[in-house]
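Asks: start-v6.csv is reproduced in full below (CSV, N, CA and C atoms and all ligand atoms).
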chain,number,residue,atom,x,y,z
G,1,MET,N,0.9,-1.2,0.0
G,1,MET,CA,0.0,0.0,0.0
G,1,MET,C,0.9,1.2,0.0
G,2,SER,N,0.7,2.1,-1.0
G,2,SER,CA,1.6,3.3,-1.1
G,2,SER,C,1.3,4.4,-0.1
G,3,ASN,N,0.1,4.5,0.3
G,3,ASN,CA,-0.3,5.6,1.2
G,3,ASN,C,-1.1,5.0,2.4
G,4,PRO,N,-0.4,4.4,3.4
G,4,PRO,CA,-1.1,3.7,4.4
G,4,PRO,C,-2.0,4.6,5.2
G,5,GLN,N,-3.2,4.1,5.6
G,5,GLN,CA,-4.2,4.8,6.4
G,5,GLN,C,-3.7,4.7,7.9
G,6,THR,N,-3.7,5.9,8.5
G,6,THR,CA,-3.2,6.0,9.9
G,6,THR,C,-4.3,6.6,10.7
G,7,THR,N,-4.6,6.0,11.9
G,7,THR,CA,-5.6,6.6,12.8
G,7,THR,C,-5.0,6.7,14.2
G,8,GLU,N,-5.2,7.9,14.8
G,8,GLU,CA,-4.8,8.1,16.2
G,8,GLU,C,-6.0,7.8,17.1
G,9,MET,N,-5.7,7.2,18.3
G,9,MET,CA,-6.7,6.9,19.3
G,9,MET,C,-6.1,6.8,20.6
G,10,VAL,N,-6.9,6.9,21.7
G,10,VAL,CA,-6.5,6.7,23.0
G,10,VAL,C,-6.9,5.3,23.5
G,11,CYS,N,-6.0,4.6,24.0
G,11,CYS,CA,-6.3,3.2,24.6
G,11,CYS,C,-7.1,3.4,25.9
G,12,ILE,N,-8.3,2.8,26.0
G,12,ILE,CA,-9.1,2.9,27.2
G,12,ILE,C,-9.1,1.6,28.0
G,13,ALA,N,-8.2,0.7,27.7
G,13,ALA,CA,-8.2,-0.6,28.4
G,13,ALA,C,-7.6,-0.4,29.8
G,14,CYS,N,-7.0,0.7,30.1
G,14,CYS,CA,-6.6,0.9,31.5
G,14,CYS,C,-6.5,2.4,31.7
G,15,PRO,N,-6.4,2.9,32.9
G,15,PRO,CA,-6.4,4.4,33.2
G,15,PRO,C,-5.2,5.1,32.6
G,16,ILE,N,-4.1,4.5,32.2
G,16,ILE,CA,-2.9,5.2,31.7
G,16,ILE,C,-3.3,6.0,30.5
G,17,GLY,N,-4.1,5.4,29.6
G,17,GLY,CA,-4.6,6.1,28.4
G,17,GLY,C,-3.5,6.4,27.4
G,18,CYS,N,-2.7,5.3,27.0
G,18,CYS,CA,-1.7,5.5,26.0
G,18,CYS,C,-2.3,6.0,24.7
G,19,ARG,N,-1.5,6.9,24.0
G,19,ARG,CA,-1.9,7.4,22.7
G,19,ARG,C,-1.4,6.4,21.6
G,20,LEU,N,-2.4,5.8,20.9
G,20,LEU,CA,-2.0,4.8,20.0
G,20,LEU,C,-2.1,5.3,18.6
G,21,THR,N,-1.2,4.8,17.7
G,21,THR,CA,-1.3,5.1,16.3
G,21,THR,C,-1.5,3.7,15.6
G,22,VAL,N,-2.6,3.6,14.9
G,22,VAL,CA,-2.9,2.4,14.2
G,22,VAL,C,-2.7,2.6,12.7
G,23,THR,N,-1.9,1.9,12.1
G,23,THR,CA,-1.6,2.0,10.6
G,23,THR,C,-2.0,0.8,9.9
G,24,GLU,N,-2.8,0.9,8.9
G,24,GLU,CA,-3.3,-0.2,8.1
G,24,GLU,C,-2.1,-0.5,7.1
G,25,THR,N,-1.5,-1.7,7.3
G,25,THR,CA,-0.4,-2.0,6.5
G,25,THR,C,-0.8,-2.8,5.2
G,26,ALA,N,-1.9,-3.5,5.3
G,26,ALA,CA,-2.5,-4.2,4.2
G,26,ALA,C,-4.0,-4.4,4.5
G,27,PRO,N,-4.9,-4.7,3.5
G,27,PRO,CA,-6.3,-4.8,3.8
G,27,PRO,C,-6.5,-5.8,5.0
G,28,GLY,N,-7.1,-5.4,6.1
G,28,GLY,CA,-7.3,-6.3,7.2
G,28,GLY,C,-6.2,-6.5,8.1
G,29,GLU,N,-5.0,-5.8,7.8
G,29,GLU,CA,-3.9,-5.9,8.7
G,29,GLU,C,-3.4,-4.6,9.2
G,30,VAL,N,-3.1,-4.5,10.5
G,30,VAL,CA,-2.7,-3.2,11.1
G,30,VAL,C,-1.5,-3.4,11.9
G,31,GLU,N,-0.8,-2.2,12.1
G,31,GLU,CA,0.3,-2.2,13.0
G,31,GLU,C,0.0,-1.1,14.1
G,32,VAL,N,0.1,-1.5,15.3
G,32,VAL,CA,-0.2,-0.6,16.4
G,32,VAL,C,1.1,-0.1,17.1
G,33,THR,N,1.3,1.2,17.3
G,33,THR,CA,2.4,1.7,18.0
G,33,THR,C,1.9,2.6,19.1
G,34,GLY,N,2.7,2.9,20.1
G,34,GLY,CA,2.4,3.8,21.2
G,34,GLY,C,1.8,3.1,22.4
G,35,ASN,N,1.6,1.8,22.3
G,35,ASN,CA,1.0,1.0,23.4
G,35,ASN,C,2.1,0.6,24.3
G,36,LYS,N,1.8,0.6,25.6
G,36,LYS,CA,2.8,0.1,26.6
G,36,LYS,C,2.7,-1.3,26.9
G,37,CYS,N,1.6,-2.0,26.4
G,37,CYS,CA,1.4,-3.4,26.7
G,37,CYS,C,0.6,-4.1,25.6
G,38,ALA,N,0.5,-5.4,25.8
G,38,ALA,CA,-0.2,-6.1,24.7
G,38,ALA,C,-1.7,-5.8,24.6
G,39,ARG,N,-2.3,-5.4,25.8
G,39,ARG,CA,-3.8,-5.1,25.8
G,39,ARG,C,-4.0,-3.9,24.8
G,40,GLY,N,-3.1,-3.0,24.8
G,40,GLY,CA,-3.2,-1.8,23.9
G,40,GLY,C,-3.1,-2.2,22.5
G,41,GLU,N,-2.3,-3.2,22.2
G,41,GLU,CA,-2.1,-3.7,20.8
G,41,GLU,C,-3.5,-4.3,20.4
G,42,GLN,N,-4.1,-5.1,21.3
G,42,GLN,CA,-5.3,-5.7,21.0
G,42,GLN,C,-6.5,-4.7,20.8
G,43,TYR,N,-6.4,-3.7,21.7
G,43,TYR,CA,-7.5,-2.7,21.7
G,43,TYR,C,-7.4,-1.9,20.4
G,44,GLY,N,-6.2,-1.5,20.0
G,44,GLY,CA,-6.1,-0.7,18.8
G,44,GLY,C,-6.5,-1.5,17.5
G,45,ARG,N,-6.1,-2.8,17.5
G,45,ARG,CA,-6.5,-3.6,16.4
G,45,ARG,C,-8.0,-3.8,16.3
G,46,GLU,N,-8.6,-4.1,17.4
G,46,GLU,CA,-10.1,-4.3,17.4
G,46,GLU,C,-10.8,-3.0,17.1
G,47,GLU,N,-10.4,-1.9,17.7
G,47,GLU,CA,-11.1,-0.6,17.5
G,47,GLU,C,-11.0,-0.2,16.0
G,48,TYR,N,-9.9,-0.5,15.4
G,48,TYR,CA,-9.7,-0.1,14.0
G,48,TYR,C,-10.5,-1.1,13.1
G,49,LEU,N,-10.3,-2.4,13.3
G,49,LEU,CA,-10.8,-3.4,12.3
G,49,LEU,C,-12.3,-3.7,12.6
G,50,ALA,N,-12.7,-3.8,13.9
G,50,ALA,CA,-14.1,-4.2,14.2
G,50,ALA,C,-14.5,-3.6,15.5
G,51,PRO,N,-14.8,-2.3,15.5
G,51,PRO,CA,-15.1,-1.6,16.7
G,51,PRO,C,-16.4,-2.1,17.3
G,52,LYS,N,-16.5,-2.2,18.7
G,52,LYS,CA,-17.6,-2.7,19.4
G,52,LYS,C,-18.0,-1.7,20.5
G,53,ARG,N,-19.2,-1.7,20.9
G,53,ARG,CA,-19.6,-0.8,22.0
G,53,ARG,C,-20.7,-1.4,22.8
G,54,THR,N,-20.7,-1.1,24.1
G,54,THR,CA,-21.8,-1.5,25.0
G,54,THR,C,-22.8,-0.3,24.8
G,55,VAL,N,-24.1,-0.7,24.6
G,55,VAL,CA,-25.1,0.3,24.3
G,55,VAL,C,-26.1,0.5,25.5
G,56,THR,N,-26.3,1.7,25.9
G,56,THR,CA,-27.4,2.0,26.9
G,56,THR,C,-28.4,2.8,26.2
G,57,ALA,N,-29.7,2.7,26.6
G,57,ALA,CA,-30.8,3.4,26.0
G,57,ALA,C,-32.0,3.3,26.9
G,58,THR,N,-33.1,3.9,26.5
G,58,THR,CA,-34.4,3.6,27.2
G,58,THR,C,-35.4,3.1,26.2
G,59,ALA,N,-36.3,2.3,26.7
G,59,ALA,CA,-37.3,1.7,25.8
G,59,ALA,C,-38.7,2.1,26.4
G,60,PRO,N,-39.7,2.3,25.5
G,60,PRO,CA,-41.0,2.6,26.0
G,60,PRO,C,-41.6,1.5,26.7
G,61,ILE,N,-42.4,1.8,27.8
G,61,ILE,CA,-43.0,0.7,28.6
G,61,ILE,C,-44.4,1.2,29.0
G,62,ALA,N,-45.4,0.3,29.0
G,62,ALA,CA,-46.7,0.6,29.5
G,62,ALA,C,-46.7,0.3,31.0
G,63,SER,N,-46.8,1.3,31.8
G,63,SER,CA,-46.7,1.1,33.3
G,63,SER,C,-47.4,2.3,33.9
G,64,ARG,N,-47.7,2.1,35.2
G,64,ARG,CA,-48.4,3.2,35.9
G,64,ARG,C,-47.4,4.2,36.5
G,65,THR,N,-46.1,3.9,36.4
G,65,THR,CA,-45.1,4.7,37.1
G,65,THR,C,-44.2,5.5,36.2
G,66,ILE,N,-43.7,4.8,35.1
G,66,ILE,CA,-42.8,5.5,34.2
G,66,ILE,C,-43.1,5.2,32.8
G,67,ALA,N,-42.7,6.0,31.9
G,67,ALA,CA,-43.0,5.9,30.5
G,67,ALA,C,-41.9,5.1,29.7
G,68,ARG,N,-40.7,5.2,30.3
G,68,ARG,CA,-39.5,4.6,29.6
G,68,ARG,C,-38.7,3.8,30.6
G,69,ILE,N,-38.1,2.7,30.2
G,69,ILE,CA,-37.3,1.9,31.1
G,69,ILE,C,-35.9,1.9,30.6
G,70,PRO,N,-34.9,2.0,31.5
G,70,PRO,CA,-33.5,2.0,31.0
G,70,PRO,C,-33.1,0.5,30.7
G,71,VAL,N,-32.4,0.4,29.6
G,71,VAL,CA,-31.9,-0.9,29.1
G,71,VAL,C,-30.4,-0.8,28.7
G,72,ARG,N,-29.8,-1.9,28.6
G,72,ARG,CA,-28.4,-1.9,28.0
G,72,ARG,C,-28.1,-3.3,27.4
G,73,THR,N,-27.1,-3.3,26.6
G,73,THR,CA,-26.6,-4.6,26.1
G,73,THR,C,-25.8,-5.3,27.1
G,74,ASP,N,-25.9,-6.6,27.2
G,74,ASP,CA,-25.1,-7.4,28.2
G,74,ASP,C,-23.7,-7.7,27.8
G,75,ALA,N,-23.3,-7.1,26.6
G,75,ALA,CA,-21.9,-7.3,26.1
G,75,ALA,C,-21.7,-6.2,25.0
G,76,SER,N,-20.5,-6.1,24.5
G,76,SER,CA,-20.2,-5.1,23.5
G,76,SER,C,-20.8,-5.7,22.2
G,77,ILE,N,-21.3,-4.8,21.3
G,77,ILE,CA,-21.9,-5.2,20.1
G,77,ILE,C,-21.2,-4.5,18.9
G,78,PRO,N,-21.0,-5.1,17.8
G,78,PRO,CA,-20.3,-4.5,16.6
G,78,PRO,C,-21.0,-3.1,16.3
G,79,ALA,N,-20.1,-2.1,16.1
G,79,ALA,CA,-20.6,-0.7,16.0
G,79,ALA,C,-21.6,-0.6,14.8
G,80,GLU,N,-21.5,-1.4,13.8
G,80,GLU,CA,-22.4,-1.3,12.6
G,80,GLU,C,-23.8,-1.7,12.9
G,81,LEU,N,-24.0,-2.4,14.0
G,81,LEU,CA,-25.3,-2.9,14.4
G,81,LEU,C,-26.1,-1.9,15.3
G,82,ILE,N,-25.3,-0.9,15.8
G,82,ILE,CA,-25.9,0.0,16.9
G,82,ILE,C,-27.1,0.7,16.4
G,83,ASP,N,-27.1,1.3,15.2
G,83,ASP,CA,-28.3,2.1,14.8
G,83,ASP,C,-29.5,1.2,14.7
G,84,GLU,N,-29.4,0.0,14.2
G,84,GLU,CA,-30.5,-0.9,14.0
G,84,GLU,C,-31.0,-1.3,15.4
G,85,LEU,N,-30.0,-1.6,16.3
G,85,LEU,CA,-30.4,-2.0,17.7
G,85,LEU,C,-31.2,-0.9,18.3
G,86,LEU,N,-30.8,0.3,18.2
G,86,LEU,CA,-31.5,1.4,18.9
G,86,LEU,C,-32.9,1.6,18.3
G,87,ARG,N,-33.0,1.4,17.0
G,87,ARG,CA,-34.3,1.5,16.4
G,87,ARG,C,-35.2,0.4,16.9
G,88,THR,N,-34.7,-0.8,17.1
G,88,THR,CA,-35.5,-1.9,17.7
G,88,THR,C,-35.9,-1.6,19.1
G,89,VAL,N,-34.9,-1.1,19.9
G,89,VAL,CA,-35.2,-0.7,21.3
G,89,VAL,C,-36.3,0.3,21.4
G,90,TYR,N,-36.2,1.3,20.6
G,90,TYR,CA,-37.2,2.4,20.6
G,90,TYR,C,-38.6,2.0,20.3
G,91,THR,N,-38.7,0.9,19.6
G,91,THR,CA,-40.1,0.5,19.1
G,91,THR,C,-40.5,-0.8,19.9
G,92,LEU,N,-39.8,-1.2,21.0
G,92,LEU,CA,-40.3,-2.3,21.8
G,92,LEU,C,-41.7,-2.0,22.3
G,93,SER,N,-42.4,-3.1,22.5
G,93,SER,CA,-43.8,-2.9,23.1
G,93,SER,C,-43.8,-3.7,24.5
G,94,LEU,N,-43.3,-3.0,25.5
G,94,LEU,CA,-43.2,-3.6,26.8
G,94,LEU,C,-44.3,-3.3,27.7
G,95,HIS,N,-44.6,-4.2,28.6
G,95,HIS,CA,-45.7,-4.0,29.6
G,95,HIS,C,-45.1,-4.4,31.0
G,96,ALA,N,-45.3,-3.5,32.0
G,96,ALA,CA,-44.9,-3.9,33.3
G,96,ALA,C,-45.8,-5.1,33.8
G,97,PRO,N,-45.3,-5.9,34.7
G,97,PRO,CA,-44.0,-5.8,35.3
G,97,PRO,C,-42.8,-6.3,34.5
G,98,VAL,N,-41.7,-5.6,34.6
G,98,VAL,CA,-40.4,-6.1,34.0
G,98,VAL,C,-39.4,-6.0,35.2
G,99,LYS,N,-38.6,-7.1,35.3
G,99,LYS,CA,-37.6,-7.1,36.4
G,99,LYS,C,-36.2,-6.8,35.8
G,100,ARG,N,-35.4,-6.1,36.7
G,100,ARG,CA,-34.1,-5.8,36.3
G,100,ARG,C,-33.4,-7.1,35.9
G,101,GLY,N,-32.7,-7.1,34.8
G,101,GLY,CA,-32.0,-8.3,34.3
G,101,GLY,C,-32.8,-9.1,33.3
G,102,ASP,N,-34.1,-8.8,33.2
G,102,ASP,CA,-34.9,-9.5,32.2
G,102,ASP,C,-34.4,-9.3,30.8
G,103,ILE,N,-34.3,-10.3,30.0
G,103,ILE,CA,-33.9,-10.2,28.6
G,103,ILE,C,-35.1,-9.6,27.8
G,104,LEU,N,-34.9,-8.5,27.1
G,104,LEU,CA,-35.9,-7.8,26.3
G,104,LEU,C,-35.7,-8.1,24.9
G,105,ILE,N,-34.5,-8.2,24.4
G,105,ILE,CA,-34.2,-8.7,23.1
G,105,ILE,C,-33.1,-9.7,23.2
G,106,GLU,N,-33.3,-10.9,22.6
G,106,GLU,CA,-32.4,-12.0,22.7
G,106,GLU,C,-31.6,-12.2,21.5
G,107,ASN,N,-30.2,-12.3,21.7
G,107,ASN,CA,-29.3,-12.6,20.6
G,107,ASN,C,-29.6,-11.7,19.3
G,108,PHE,N,-29.4,-10.4,19.5
G,108,PHE,CA,-29.8,-9.5,18.5
G,108,PHE,C,-28.9,-9.8,17.2
G,109,ARG,N,-29.6,-10.0,16.1
G,109,ARG,CA,-29.0,-10.3,14.8
G,109,ARG,C,-27.9,-11.3,14.9
G,110,GLU,N,-28.1,-12.3,15.7
G,110,GLU,CA,-27.2,-13.5,15.9
G,110,GLU,C,-25.8,-13.0,16.4
G,111,SER,N,-25.8,-11.9,17.1
G,111,SER,CA,-24.5,-11.3,17.6
G,111,SER,C,-24.1,-12.0,18.9
G,112,GLY,N,-25.1,-12.7,19.5
G,112,GLY,CA,-24.8,-13.3,20.8
G,112,GLY,C,-25.1,-12.3,22.0
G,113,VAL,N,-25.5,-11.1,21.6
G,113,VAL,CA,-25.7,-10.1,22.6
G,113,VAL,C,-27.2,-9.9,22.9
G,114,ASN,N,-27.5,-9.8,24.1
G,114,ASN,CA,-28.9,-9.5,24.5
G,114,ASN,C,-29.1,-8.1,25.0
G,115,VAL,N,-30.3,-7.6,25.0
G,115,VAL,CA,-30.6,-6.3,25.6
G,115,VAL,C,-31.4,-6.6,26.9
G,116,VAL,N,-31.0,-6.1,28.0
G,116,VAL,CA,-31.6,-6.4,29.3
G,116,VAL,C,-32.1,-5.1,29.9
G,117,ALA,N,-33.1,-5.3,30.8
G,117,ALA,CA,-33.6,-4.2,31.6
G,117,ALA,C,-32.6,-3.9,32.7
G,118,THR,N,-32.4,-2.6,33.0
G,118,THR,CA,-31.5,-2.3,34.1
G,118,THR,C,-32.2,-1.7,35.3
G,119,ARG,N,-33.6,-1.8,35.3
G,119,ARG,CA,-34.4,-1.4,36.4
G,119,ARG,C,-35.6,-2.2,36.4
G,120,THR,N,-36.1,-2.4,37.6
G,120,THR,CA,-37.4,-3.2,37.8
G,120,THR,C,-38.6,-2.2,37.8
G,121,VAL,N,-39.6,-2.5,37.0
G,121,VAL,CA,-40.8,-1.7,37.0
G,121,VAL,C,-41.9,-2.7,37.4
G,122,GLU,N,-42.5,-2.5,38.6
G,122,GLU,CA,-43.4,-3.4,39.1
G,122,GLU,C,-44.8,-3.3,38.5
G,123,ARG,N,-45.2,-2.1,38.2
G,123,ARG,CA,-46.6,-1.9,37.7
G,123,ARG,C,-46.7,-0.7,36.9
I,201,LIG,S1,-1.6,0.2,26.1
I,201,LIG,FE1,-1.6,-1.0,28.0
I,201,LIG,S2,-0.7,0.5,29.5
I,201,LIG,FE2,-1.3,1.7,27.7
I,201,LIG,S3,-3.5,2.4,28.2
I,201,LIG,FE3,-3.6,0.5,27.0
I,201,LIG,S4,-3.8,-1.1,28.5
I,201,LIG,FE4,-3.0,0.7,29.6
Translate this file's structure into C-alpha cells.

Replies:
Amino acid sequence: MSNPQTTEMVCIACPIGCRLTVTETAPGEVEVTGNKCARGEQYGREEYLAPKRTVTATAPIASRTIARIPVRTDASIPAELIDELLRTVYTLSLHAPVKRGDILIENFRESGVNVVATRTVER
C-alpha cells in the first residue's frame, strides 16, 4: 500500500490512556504503536478493524409509574449494528412488570448479545 491509512486513538483498556497510532499495512492488517502493553495492541487492532460498543438506551413501557425503562446490552456489540439495535429498542412494546436483568431482546442479529432491563418496573 503506497499511502497507508493511519488513525490516532487513546487506549481505554486501563487508566494510563496511551496514545495509539494504528496504521493499516494491508487490507485487514494493522500495526499498532504507542502502546505500553499487549492489551493496547489488541485494543487498537479491534477498535480499527471491528469496533464494538456497549449500548445503553431507554425503551417505551406501558406502566403506571414510568414511560420509559432503562436498558443496556449485556456485552459489546459491533458498531455497525448499533443504529438498528437502537431503532429496535425504541419500538419495543413492553408492559410492566419487568424485572431488572430480564432479557428484552435476545441474541440481536445473531450477535450473541442480549438487551436487558437495568431497572425493575413493578406496575
Ligand atoms: S496500552 Fe496498555 S498500558 Fe497503555 S493504556 Fe492500554 S492497557 Fe494501559

Asks: From the list G:Cys18, G:Val121, G:Ala50, G:Val115, which residue is nearest Ala79 in chain G when using all atoms listed in the file?

Replies: G:Ala50

Asks: Range 66-77 of chain G: which residues within 7 Å, counting only N, CA and C atoms, same-chain residues fewer than 2 positions away excluded, as a list of chain:residue names?

Replies: G:Pro51, G:Lys52, G:Arg53, G:Thr54, G:Val55, G:Thr56, G:Ala57, G:Thr58, G:Ala59, G:Pro60, G:Ile61, G:Ala62, G:Ser63, G:Arg64, G:Ala79, G:Glu80, G:Leu81, G:Ile82, G:Val113, G:Asn114, G:Val115, G:Val116, G:Ala117, G:Thr118, G:Arg119, G:Arg123

Asks: Give the strand (DSSP E) residues of chain G, as DSSP finds them on the backbone, and put them as a ChimeraX atom specification.

Replies: /G:6-10,19-26,29-33,52-53,56-62,68-73,77-78,94-95,103-105,115-117

Asks: Between G:Glu46, G:Glu110, G:Glu41, G:Glu31, which has the minimum distance to ligand LIG 201 (chain I) (counting all atoms listed in the file)?

Replies: G:Glu41

Asks: List every residue of chain G that DSSP, applied to the backbone of this structure, assigns to helix (DSSP H, G or I), and report them as JSON, numbers by chain.

Replies: {"G": [38, 39, 40, 41, 42, 43, 44, 45, 46, 47, 48, 49, 79, 80, 81, 82, 83, 84, 85, 86, 87, 88, 89, 90, 108, 109, 110]}

Asks: How far is it from CA of Arg109 in chain G to CA of Glu47 in chain G, in Å with one decimal?

Replies: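 Atom-to-atom, CA of Arg109 in chain G to CA of Glu47 in chain G, that is 20.5 Å.
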
Asks: Taking all atoms listed in the file into account, which of G:Met9, G:Val32, G:Cys14, G:Leu49 comes nearest ligand LIG 201 (chain I)?

Replies: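 The shortest atom-to-atom distance to ligand LIG 201 (chain I) comes from G:Cys14.
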
Asks: Can you work out the spacing between atom N of Tyr43 in chain G and atom C of Glu106 in chain G in Å, to one decimal?

Replies: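 Separation between atom N of Tyr43 in chain G and atom C of Glu106 in chain G: 26.6 Å.
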
Asks: List as JSON lines every residue of chain G that is in contact with ligand LIG 201 (chain I), defined as an atom at most 7 Å from one of its atoms (using all atoms listed in the file), together with the nearest atom pair and the distance in Å rounded to one decimal, sorted by chain and then rising number.

Replies:
{"residue": "G:Val10", "atom": "C", "partner": "I:LIG201", "partner_atom": "S3", "distance": 6.5}
{"residue": "G:Cys11", "atom": "C", "partner": "I:LIG201", "partner_atom": "S3", "distance": 4.4}
{"residue": "G:Ile12", "atom": "N", "partner": "I:LIG201", "partner_atom": "S3", "distance": 5.3}
{"residue": "G:Ala13", "atom": "C", "partner": "I:LIG201", "partner_atom": "S4", "distance": 4.1}
{"residue": "G:Cys14", "atom": "N", "partner": "I:LIG201", "partner_atom": "S4", "distance": 4.0}
{"residue": "G:Pro15", "atom": "N", "partner": "I:LIG201", "partner_atom": "FE4", "distance": 5.2}
{"residue": "G:Ile16", "atom": "C", "partner": "I:LIG201", "partner_atom": "S3", "distance": 4.3}
{"residue": "G:Gly17", "atom": "N", "partner": "I:LIG201", "partner_atom": "S3", "distance": 3.4}
{"residue": "G:Cys18", "atom": "N", "partner": "I:LIG201", "partner_atom": "S3", "distance": 3.2}
{"residue": "G:Arg19", "atom": "N", "partner": "I:LIG201", "partner_atom": "FE2", "distance": 6.4}
{"residue": "G:Gly34", "atom": "C", "partner": "I:LIG201", "partner_atom": "S1", "distance": 5.8}
{"residue": "G:Asn35", "atom": "CA", "partner": "I:LIG201", "partner_atom": "S1", "distance": 3.8}
{"residue": "G:Lys36", "atom": "N", "partner": "I:LIG201", "partner_atom": "S1", "distance": 3.5}
{"residue": "G:Cys37", "atom": "N", "partner": "I:LIG201", "partner_atom": "FE1", "distance": 3.7}
{"residue": "G:Ala38", "atom": "N", "partner": "I:LIG201", "partner_atom": "FE1", "distance": 5.3}
{"residue": "G:Arg39", "atom": "C", "partner": "I:LIG201", "partner_atom": "S4", "distance": 4.6}
{"residue": "G:Gly40", "atom": "CA", "partner": "I:LIG201", "partner_atom": "S1", "distance": 3.4}
{"residue": "G:Glu41", "atom": "N", "partner": "I:LIG201", "partner_atom": "S1", "distance": 5.2}

Asks: Could you tell me how far atom N of Asp83 in chain G sits from atom C of Leu20 in chain G, in Å to one decimal place?

Replies: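 Interatomic distance here is 25.5 Å.
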
Asks: Nearest to Ser111 in chain G: which of G:Glu84, G:Glu29, G:Pro78, G:His95 is it, counting all atoms listed in the file?

Replies: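 That would be G:Pro78, the residue with the smallest distance to Ser111 in chain G.
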
Asks: Tell me which residues come within 6.5 Å of (-1.7, 2.3, 10.2), as a list in words, counting all atoms listed in the file in the file's coordinates.

Replies: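 Output: Pro4, Gln5, Thr6, Thr7, Thr21, Val22, Thr23, Glu24, Thr25, Val30 and Glu31 of chain G.
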